[in-house]
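See below for my_file_16.csv, which holds CSV, C-alpha atoms.
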chain,number,residue,atom,x,y,z
A,1,MET,CA,80.6,13.6,17.6
A,2,ARG,CA,81.1,13.6,13.8
A,3,PRO,CA,78.4,15.3,11.8
A,4,LEU,CA,75.6,12.9,10.8
A,5,ILE,CA,75.4,12.4,7.0
A,6,GLY,CA,72.3,10.9,5.7
A,7,ILE,CA,72.7,8.5,2.7
A,8,PRO,CA,69.3,7.4,1.2
A,9,CYS,CA,69.2,3.7,0.4
A,10,CYS,CA,68.2,2.0,-2.8
A,11,MET,CA,65.7,-0.9,-2.6
A,12,LYS,CA,67.4,-4.0,-4.0
A,13,ALA,CA,66.6,-7.7,-4.2
A,14,PHE,CA,69.2,-10.0,-2.5
A,15,GLY,CA,69.6,-13.7,-1.9
A,16,ALA,CA,68.1,-16.8,-3.3
A,17,PHE,CA,64.6,-15.5,-2.6
A,18,ALA,CA,65.2,-12.0,-3.9
A,19,MET,CA,64.3,-10.5,-0.6
A,20,PRO,CA,64.0,-6.7,-0.7
A,21,ASN,CA,66.9,-5.0,1.1
A,22,HIS,CA,67.8,-1.4,1.8
A,23,ALA,CA,71.3,-0.9,0.4
A,24,VAL,CA,74.1,1.6,-0.1
A,25,SER,CA,77.4,1.0,-1.8
A,26,ASP,CA,80.4,0.9,0.5
A,27,HIS,CA,82.1,3.6,-1.6
A,28,TYR,CA,79.7,6.2,0.0
A,29,ILE,CA,80.3,4.9,3.5
A,30,GLN,CA,84.0,5.2,3.1
A,31,VAL,CA,83.9,8.7,1.6
A,32,VAL,CA,81.7,9.9,4.6
A,33,LEU,CA,84.2,8.3,7.1
A,34,GLY,CA,87.1,9.7,5.1
A,35,PRO,CA,87.3,13.1,3.5
A,36,ILE,CA,83.8,14.2,4.6
A,37,GLY,CA,84.7,13.4,8.2
A,38,GLY,CA,81.2,12.4,9.1
A,39,MET,CA,79.2,9.5,10.5
A,40,PRO,CA,77.1,7.7,7.8
A,41,ILE,CA,73.4,7.3,8.6
A,42,LEU,CA,71.5,5.1,6.2
A,43,VAL,CA,68.1,6.4,5.4
A,44,PRO,CA,65.7,3.5,4.5
A,45,ALA,CA,63.8,3.8,1.2
A,46,ALA,CA,60.5,3.9,3.2
A,47,GLY,CA,58.8,7.1,1.9
A,48,GLU,CA,58.1,10.6,2.8
A,49,GLY,CA,57.2,9.9,6.5
A,50,VAL,CA,60.7,8.6,7.1
A,51,ALA,CA,62.3,11.6,5.3
A,52,ALA,CA,60.4,14.0,7.5
A,53,GLU,CA,61.3,12.2,10.7
A,54,ILE,CA,65.0,11.8,10.1
A,55,LEU,CA,65.8,15.1,8.4
A,56,PRO,CA,66.0,17.2,11.7
A,57,ARG,CA,68.6,14.8,13.0
A,58,LEU,CA,71.0,15.2,9.9
A,59,ASP,CA,73.9,17.5,9.4
A,60,GLY,CA,74.2,16.7,5.7
A,61,LEU,CA,72.6,14.8,2.9
A,62,LEU,CA,74.6,12.7,0.4
A,63,LEU,CA,72.6,11.5,-2.6
A,64,THR,CA,74.2,8.6,-4.4
A,65,GLY,CA,74.4,7.1,-7.8
A,66,SER,CA,72.5,3.9,-8.7
A,67,ARG,CA,71.7,1.7,-11.6
A,68,SER,CA,68.0,2.5,-11.3
A,69,ASN,CA,66.5,5.6,-13.1
A,70,VAL,CA,64.1,8.2,-11.7
A,71,GLN,CA,60.5,7.3,-12.6
A,72,PRO,CA,59.5,9.3,-15.7
A,73,ASP,CA,56.0,10.1,-14.3
A,74,LEU,CA,57.7,12.3,-11.7
A,75,TYR,CA,58.8,14.8,-14.4
A,76,ALA,CA,56.0,14.1,-17.0
A,77,GLY,CA,58.4,12.1,-19.2
A,78,PRO,CA,57.6,9.2,-21.6
A,79,PRO,CA,57.7,5.7,-20.1
A,80,HIS,CA,61.1,4.0,-19.8
A,81,LEU,CA,62.0,1.3,-22.3
A,82,GLU,CA,61.2,-2.2,-21.1
A,83,GLY,CA,63.8,-3.5,-18.7
A,84,THR,CA,64.9,-0.1,-17.5
A,85,PRO,CA,65.5,-0.4,-13.7
A,86,GLU,CA,63.4,1.8,-11.5
A,87,ASP,CA,63.2,2.3,-7.7
A,88,PRO,CA,59.9,4.0,-6.7
A,89,ALA,CA,60.7,3.4,-3.0
A,90,ARG,CA,63.8,5.5,-3.3
A,91,ASP,CA,62.1,8.2,-5.4
A,92,ALA,CA,59.4,8.5,-2.7
A,93,THR,CA,62.0,9.0,-0.1
A,94,THR,CA,64.7,11.2,-1.8
A,95,LEU,CA,62.5,13.8,-3.5
A,96,PRO,CA,60.9,15.0,-0.3
A,97,LEU,CA,64.2,14.7,1.5
A,98,ILE,CA,65.8,17.0,-1.0
A,99,ARG,CA,63.1,19.6,-0.7
A,100,GLY,CA,63.1,19.4,3.0
A,101,ALA,CA,66.9,19.6,3.3
A,102,LEU,CA,67.0,22.8,1.1
A,103,GLU,CA,64.2,24.4,3.2
A,104,ALA,CA,66.0,23.6,6.4
A,105,GLY,CA,69.5,24.6,5.2
A,106,VAL,CA,70.9,21.1,5.5
A,107,PRO,CA,74.0,20.8,3.2
A,108,LEU,CA,73.5,18.6,0.2
A,109,LEU,CA,75.8,16.9,-2.2
A,110,ALA,CA,74.1,15.0,-5.1
A,111,ILE,CA,76.0,12.5,-7.2
A,112,CYS,CA,74.9,11.0,-10.6
A,113,ARG,CA,71.3,9.6,-9.9
A,114,GLY,CA,71.3,11.9,-7.0
A,115,PHE,CA,71.9,14.9,-9.3
A,116,GLN,CA,69.0,13.8,-11.5
A,117,GLU,CA,66.8,13.5,-8.4
A,118,LEU,CA,67.8,17.0,-7.4
A,119,ASN,CA,66.8,18.3,-10.8
A,120,VAL,CA,63.4,16.5,-10.7
A,121,ALA,CA,62.7,17.4,-7.1
A,122,LEU,CA,63.0,21.1,-8.1
A,123,GLY,CA,60.9,20.9,-11.2
A,124,GLY,CA,63.4,19.9,-14.0
A,125,THR,CA,63.2,17.1,-16.5
A,126,LEU,CA,65.5,14.3,-17.7
A,127,ASP,CA,66.7,12.8,-21.0
A,128,GLN,CA,66.4,9.1,-20.5
A,129,ARG,CA,69.0,7.8,-23.0
A,130,ILE,CA,71.4,10.5,-24.0
A,131,GLN,CA,73.2,8.2,-26.4
A,132,ASP,CA,70.1,8.0,-28.6
A,133,LEU,CA,69.9,11.7,-29.1
A,134,PRO,CA,71.3,13.4,-32.2
A,135,GLY,CA,74.8,14.8,-31.7
A,136,ARG,CA,75.2,13.5,-28.2
A,137,MET,CA,77.9,11.2,-26.7
A,138,ASP,CA,77.4,7.8,-25.1
A,139,HIS,CA,77.9,8.7,-21.4
A,140,SER,CA,77.5,5.2,-20.1
A,141,THR,CA,80.1,2.5,-19.3
A,142,PRO,CA,79.0,-1.1,-20.0
A,143,SER,CA,77.7,-2.6,-16.8
A,144,ASP,CA,79.6,-5.8,-17.6
A,145,GLN,CA,83.0,-4.1,-17.9
A,146,ALA,CA,85.3,-6.2,-15.7
A,147,LEU,CA,88.2,-3.8,-15.3
A,148,PRO,CA,87.5,-1.4,-12.5
A,149,LYS,CA,90.1,1.1,-13.7
A,150,VAL,CA,88.2,1.2,-17.1
A,151,ARG,CA,84.7,1.2,-15.6
A,152,THR,CA,85.3,4.1,-13.2
A,153,GLY,CA,88.3,5.8,-14.9
A,154,LYS,CA,88.3,9.3,-16.5
A,155,ALA,CA,86.1,9.2,-19.7
A,156,HIS,CA,85.9,12.8,-20.9
A,157,ALA,CA,86.5,16.4,-19.9
A,158,VAL,CA,84.0,18.9,-18.7
A,159,ARG,CA,84.1,22.7,-19.0
A,160,VAL,CA,83.6,24.3,-15.6
A,161,ALA,CA,82.1,27.8,-15.0
A,162,PRO,CA,85.2,29.8,-13.8
A,163,GLU,CA,83.1,32.0,-11.4
A,164,GLY,CA,80.9,29.2,-9.9
A,165,GLU,CA,80.8,27.3,-6.7
A,166,LEU,CA,83.0,24.5,-8.0
A,167,ALA,CA,85.6,27.0,-9.0
A,168,ARG,CA,85.4,28.6,-5.5
A,169,HIS,CA,85.9,25.3,-3.8
A,170,TRP,CA,88.7,24.3,-6.1
A,171,ALA,CA,90.6,27.6,-5.8
A,172,GLY,CA,94.4,27.2,-5.6
A,173,LEU,CA,94.4,23.6,-6.8
A,174,GLY,CA,95.9,24.4,-10.2
A,175,TRP,CA,93.2,23.1,-12.5
A,176,SER,CA,91.9,24.3,-15.8
A,177,PRO,CA,88.2,25.3,-16.1
A,178,ALA,CA,88.4,24.5,-19.8
A,179,ALA,CA,89.0,20.8,-19.3
A,180,VAL,CA,88.4,18.9,-16.0
A,181,PRO,CA,88.6,15.1,-16.6
A,182,VAL,CA,85.7,13.1,-15.1
A,183,ASN,CA,84.4,9.6,-15.2
A,184,SER,CA,81.0,8.8,-16.8
A,185,LEU,CA,78.5,6.1,-15.9
A,186,HIS,CA,75.1,7.2,-16.8
A,187,ASN,CA,72.4,7.0,-19.4
A,188,GLN,CA,70.0,9.6,-18.1
A,189,GLY,CA,70.9,13.3,-17.8
A,190,VAL,CA,69.4,16.7,-17.3
A,191,ALA,CA,67.1,17.8,-20.1
A,192,THR,CA,65.5,21.0,-18.7
A,193,LEU,CA,67.3,22.4,-15.7
A,194,ALA,CA,65.1,23.1,-12.7
A,195,PRO,CA,64.4,26.9,-12.1
A,196,ARG,CA,66.4,26.9,-8.9
A,197,LEU,CA,69.5,25.3,-10.4
A,198,THR,CA,72.4,27.1,-12.2
A,199,ALA,CA,74.6,25.0,-14.4
A,200,GLU,CA,78.3,24.8,-13.3
A,201,ALA,CA,79.8,22.3,-15.8
A,202,TRP,CA,79.2,20.9,-19.2
A,203,ALA,CA,80.3,17.8,-21.2
A,204,PRO,CA,81.7,18.4,-24.8
A,205,ASP,CA,78.2,17.5,-26.2
A,206,GLY,CA,76.5,20.1,-24.0
A,207,THR,CA,75.2,17.7,-21.3
A,208,ILE,CA,75.0,19.5,-18.0
A,209,GLU,CA,77.4,17.8,-15.7
A,210,ALA,CA,77.1,19.9,-12.5
A,211,ALA,CA,74.7,22.5,-11.0
A,212,ARG,CA,74.3,24.6,-7.8
A,213,VAL,CA,71.1,25.5,-6.0
A,214,GLU,CA,70.6,29.2,-6.2
A,215,LYS,CA,70.1,31.0,-2.9
A,216,ALA,CA,70.7,27.9,-0.9
A,217,ARG,CA,71.5,28.5,2.8
A,218,ASP,CA,74.7,26.5,2.6
A,219,PHE,CA,76.4,23.9,0.4
A,220,ALA,CA,74.0,22.6,-2.2
A,221,LEU,CA,75.7,21.1,-5.3
A,222,GLY,CA,75.0,18.2,-7.8
A,223,VAL,CA,77.5,16.5,-10.1
A,224,GLN,CA,76.8,14.0,-12.8
A,225,TRP,CA,80.1,12.1,-12.4
A,226,HIS,CA,81.3,9.9,-9.5
A,227,PRO,CA,84.0,11.6,-7.3
A,228,GLU,CA,83.6,8.8,-4.7
A,229,TYR,CA,85.6,6.5,-6.9
A,230,ASP,CA,88.9,8.5,-7.1
A,231,TRP,CA,89.1,10.9,-4.1
A,232,CYS,CA,92.2,9.2,-2.9
A,233,GLU,CA,94.1,10.2,-6.1
A,234,ASP,CA,92.1,13.1,-7.5
A,235,MET,CA,92.5,16.4,-5.5
A,236,LEU,CA,89.4,17.9,-7.0
A,237,SER,CA,87.2,15.0,-6.0
A,238,ARG,CA,88.7,15.1,-2.5
A,239,ARG,CA,88.2,18.8,-2.1
A,240,LEU,CA,84.5,18.5,-3.1
A,241,PHE,CA,83.9,16.1,-0.3
A,242,GLU,CA,86.0,18.2,2.2
A,243,ALA,CA,83.9,21.3,1.3
A,244,PHE,CA,80.7,19.4,1.9
A,245,GLY,CA,82.1,18.1,5.2
A,246,GLU,CA,82.9,21.6,6.3
A,247,ALA,CA,79.4,22.7,5.6
A,248,ALA,CA,78.0,19.7,7.6
A,249,ARG,CA,80.1,20.8,10.6
A,250,ARG,CA,78.8,24.3,10.3
A,251,HIS,CA,75.3,23.0,10.3
A,252,GLN,CA,76.1,20.7,13.3
A,253,GLY,CA,77.5,23.6,15.2
A,254,ALA,CA,74.4,25.8,14.5
A,255,SER,CA,72.2,22.9,15.7
A,256,GLY,CA,73.9,22.8,19.1
A,257,ARG,CA,74.9,19.2,18.8
A,258,VAL,CA,78.2,18.2,20.5
A,259,THR,CA,81.3,18.4,18.2
A,260,LEU,CA,84.7,16.8,18.5
A,261,PRO,CA,87.4,18.9,20.2
A,262,GLU,CA,90.3,20.0,18.2
A,263,PRO,CA,93.2,17.4,18.4
A,264,LEU,CA,96.0,18.3,20.8
A,265,ALA,CA,99.2,19.4,19.2
A,266,ALA,CA,102.1,16.9,19.4
A,267,GLU,CA,104.7,17.9,22.0

For this file, produce the structure as structure tokens.
Amino acid sequence: MRPLIGIPCCMKAFGAFAMPNHAVSDHYIQVVLGPIGGMPILVPAAGEGVAAEILPRLDGLLLTGSRSNVQPDLYAGPPHLEGTPEDPARDATTLPLIRGALEAGVPLLAICRGFQELNVALGGTLDQRIQDLPGRMDHSTPSDQALPKVRTGKAHAVRVAPEGELARHWAGLGWSPAAVPVNSLHNQGVATLAPRLTAEAWAPDGTIEAARVEKARDFALGVQWHPEYDWCEDMLSRRLFEAFGEAARRHQGASGRVTLPEPLAAE
């Protein structure tokens, strides 16, 4: 079978009565079925107990972006401005999932909010509104932007560490470490990097855009941008997901779970 990729849900209100629902964007489902080559398993935002129960069954953990922000009390930050969306049920699930995955050697890829969760889970802090800080860029795209190509298109370049994990995964793809174009849909960002993380990419204003987990047992990376939006066209985005999928299959094989046979060569 395909490796099982856990995708933690957000808690969102749906319908006329605003009923709480556990939800994941279809972009993440499709990227798991596509270049990752896995089977998506939705992890309900139901707290640490669920995280502990499901983790031994997973071959990879994909942490997604979201409009909500990590609760500031989890990193001793000031309260959010009024109206800032939070998701305490997700926080209560993802932070122990992250710590457990790293301890168990489950491959992990963290995207946008997921990258911020990774940093907080390991002891880092966040800036809540980067655009309000002196000398910093506005990294957000207006939520009411109606044109998808504008909303999720490339917004700025990042400088990538030429000897890091991203560079290793992207070897031979003909890219420049001085300027890798990425999209940008966030207000929060890394303030103090967690002790176990090493920065891998930076925006022009110095915002940390990617980091790896030091001494991780396998793939463990976080990126601030959204590669799930353009993996069909962008070879660097696609390769990031492929490398994560390869790590998930290694974990699956080590766990003894059944894997798909190699396809037969055409006669």

Self-check item: Using all atoms listed in the file: which of A:Ala201, A:Gly245, A:Gln188, A:Pro148 has the shortest distance to Glu163 of chain A
Solution: A:Ala201

Which residues are close to Pro195 of chain A, i.e. within 10 Å by all atoms listed in the file, leaving aside same-chain residues fewer than 2 positions away? Reply as an mmCIF file with C-alpha atoms, in the frame of the given file.
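out_4.cif was written with the following content:
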data_model
loop_
_atom_site.group_PDB
_atom_site.id
_atom_site.type_symbol
_atom_site.label_atom_id
_atom_site.label_comp_id
_atom_site.auth_asym_id
_atom_site.auth_seq_id
_atom_site.Cartn_x
_atom_site.Cartn_y
_atom_site.Cartn_z
ATOM 1 C CA ASN A 119 66.800 18.300 -10.800
ATOM 2 C CA LEU A 122 63.000 21.100 -8.100
ATOM 3 C CA GLY A 123 60.900 20.900 -11.200
ATOM 4 C CA GLY A 124 63.400 19.900 -14.000
ATOM 5 C CA THR A 192 65.500 21.000 -18.700
ATOM 6 C CA LEU A 193 67.300 22.400 -15.700
ATOM 7 C CA LEU A 197 69.500 25.300 -10.400
ATOM 8 C CA THR A 198 72.400 27.100 -12.200
ATOM 9 C CA VAL A 213 71.100 25.500 -6.000
ATOM 10 C CA GLU A 214 70.600 29.200 -6.200
#

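Take the candidates A:Arg196, A:Arg249, A:Arg159, A:His27 and check each one against Pro177 of chain A using all atoms listed in the file; the shortest distance goes to A:Arg159.
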
Sorted by chain and rising residue number, list the residues of segment 97-130 of chain A at most 12 Å from segment 45-49 of chain A (counting all atoms listed in the file), each with its closest atom pair and distance in Å to one decimal, as JSON lines.
{"residue": "A:Leu97", "atom": "CA", "partner": "A:Glu48", "partner_atom": "CA", "distance": 7.5}
{"residue": "A:Ile98", "atom": "CA", "partner": "A:Glu48", "partner_atom": "CA", "distance": 10.7}
{"residue": "A:Arg99", "atom": "CA", "partner": "A:Glu48", "partner_atom": "CA", "distance": 10.9}
{"residue": "A:Gly100", "atom": "CA", "partner": "A:Glu48", "partner_atom": "CA", "distance": 10.1}

Quiz item: Looking at only C-alpha atoms, which of A:Gly153, A:Gly253, A:Gly222, A:Gly65 is the one that sits closest to Phe115 of chain A?
Solution: A:Gly222

Self-check item: Spatial neighbours of segment 85-94 of chain A, 12 Å, all atoms listed in the file, chain gap at least 6 places, as a PyMOL selection string
Solution: chain A and resi 6-13+20-24+43-55+61-75+79+100-101+108+110+113-122+128+187-188

Quiz prompt | Cut-off 9 Å around (72.6, 23.7, 9.8) with only C-alpha atoms: residues as JSON, numbers by chain | solution = {"A": [58, 59, 60, 104, 105, 106, 107, 217, 218, 247, 248, 249, 250, 251, 252, 253, 254, 255]}

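Proximity to Arg129 of chain A was assessed for A:Ser176, A:Glu209, A:Leu147, A:His80 counting all atoms listed in the file; the smallest distance is recorded for A:His80.
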
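Non-sequential neighbours of Thr152 of chain A (distance at most 9 Å, separation of 2 or more positions within a chain, only C-alpha atoms) are Thr141, Leu147, Pro148, Lys149, Val150, Lys154, Ala155, Asn183, Ser184, Leu185, His226, Tyr229 and Asp230 of chain A.
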
Would you mind exporting C-alpha atoms of the selected residues as a PDB file, in the frame of the given file?
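For reference, selection-v3.pdb as written:
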ATOM      1  CA  THR A 141      80.100   2.500 -19.300  1.00  0.00           C
ATOM      2  CA  LEU A 147      88.200  -3.800 -15.300  1.00  0.00           C
ATOM      3  CA  PRO A 148      87.500  -1.400 -12.500  1.00  0.00           C
ATOM      4  CA  LYS A 149      90.100   1.100 -13.700  1.00  0.00           C
ATOM      5  CA  VAL A 150      88.200   1.200 -17.100  1.00  0.00           C
ATOM      6  CA  LYS A 154      88.300   9.300 -16.500  1.00  0.00           C
ATOM      7  CA  ALA A 155      86.100   9.200 -19.700  1.00  0.00           C
ATOM      8  CA  ASN A 183      84.400   9.600 -15.200  1.00  0.00           C
ATOM      9  CA  SER A 184      81.000   8.800 -16.800  1.00  0.00           C
ATOM     10  CA  LEU A 185      78.500   6.100 -15.900  1.00  0.00           C
ATOM     11  CA  HIS A 226      81.300   9.900  -9.500  1.00  0.00           C
ATOM     12  CA  TYR A 229      85.600   6.500  -6.900  1.00  0.00           C
ATOM     13  CA  ASP A 230      88.900   8.500  -7.100  1.00  0.00           C
TER      14      ASP A 230
END

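Of the listed residues A:Gly189, A:Pro56, A:Pro78, A:Gly34, the one whose atoms come nearest to Asp138 of chain A is A:Gly189, with distances taken using all atoms listed in the file.
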
Practice problem: In the coordinates of the file, take the point (77.6, 27.1, -16.2) and a cut-off of 9 Å; then, counting all atoms listed in the file, name each qualifying protein, DNA or RNA residue as a ChimeraX atom specification. | Solution: /A:159-164,198-202,208,210-211

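For the pair atom CA of His186 of chain A and atom CA of His139 of chain A, the interatomic distance is 5.6 Å.
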
Quiz item: With distances taken over all atoms listed in the file, which of A:Pro204, A:Ala76, A:Phe241, A:Thr125 is nearest to Gly38 of chain A?
Solution: A:Phe241
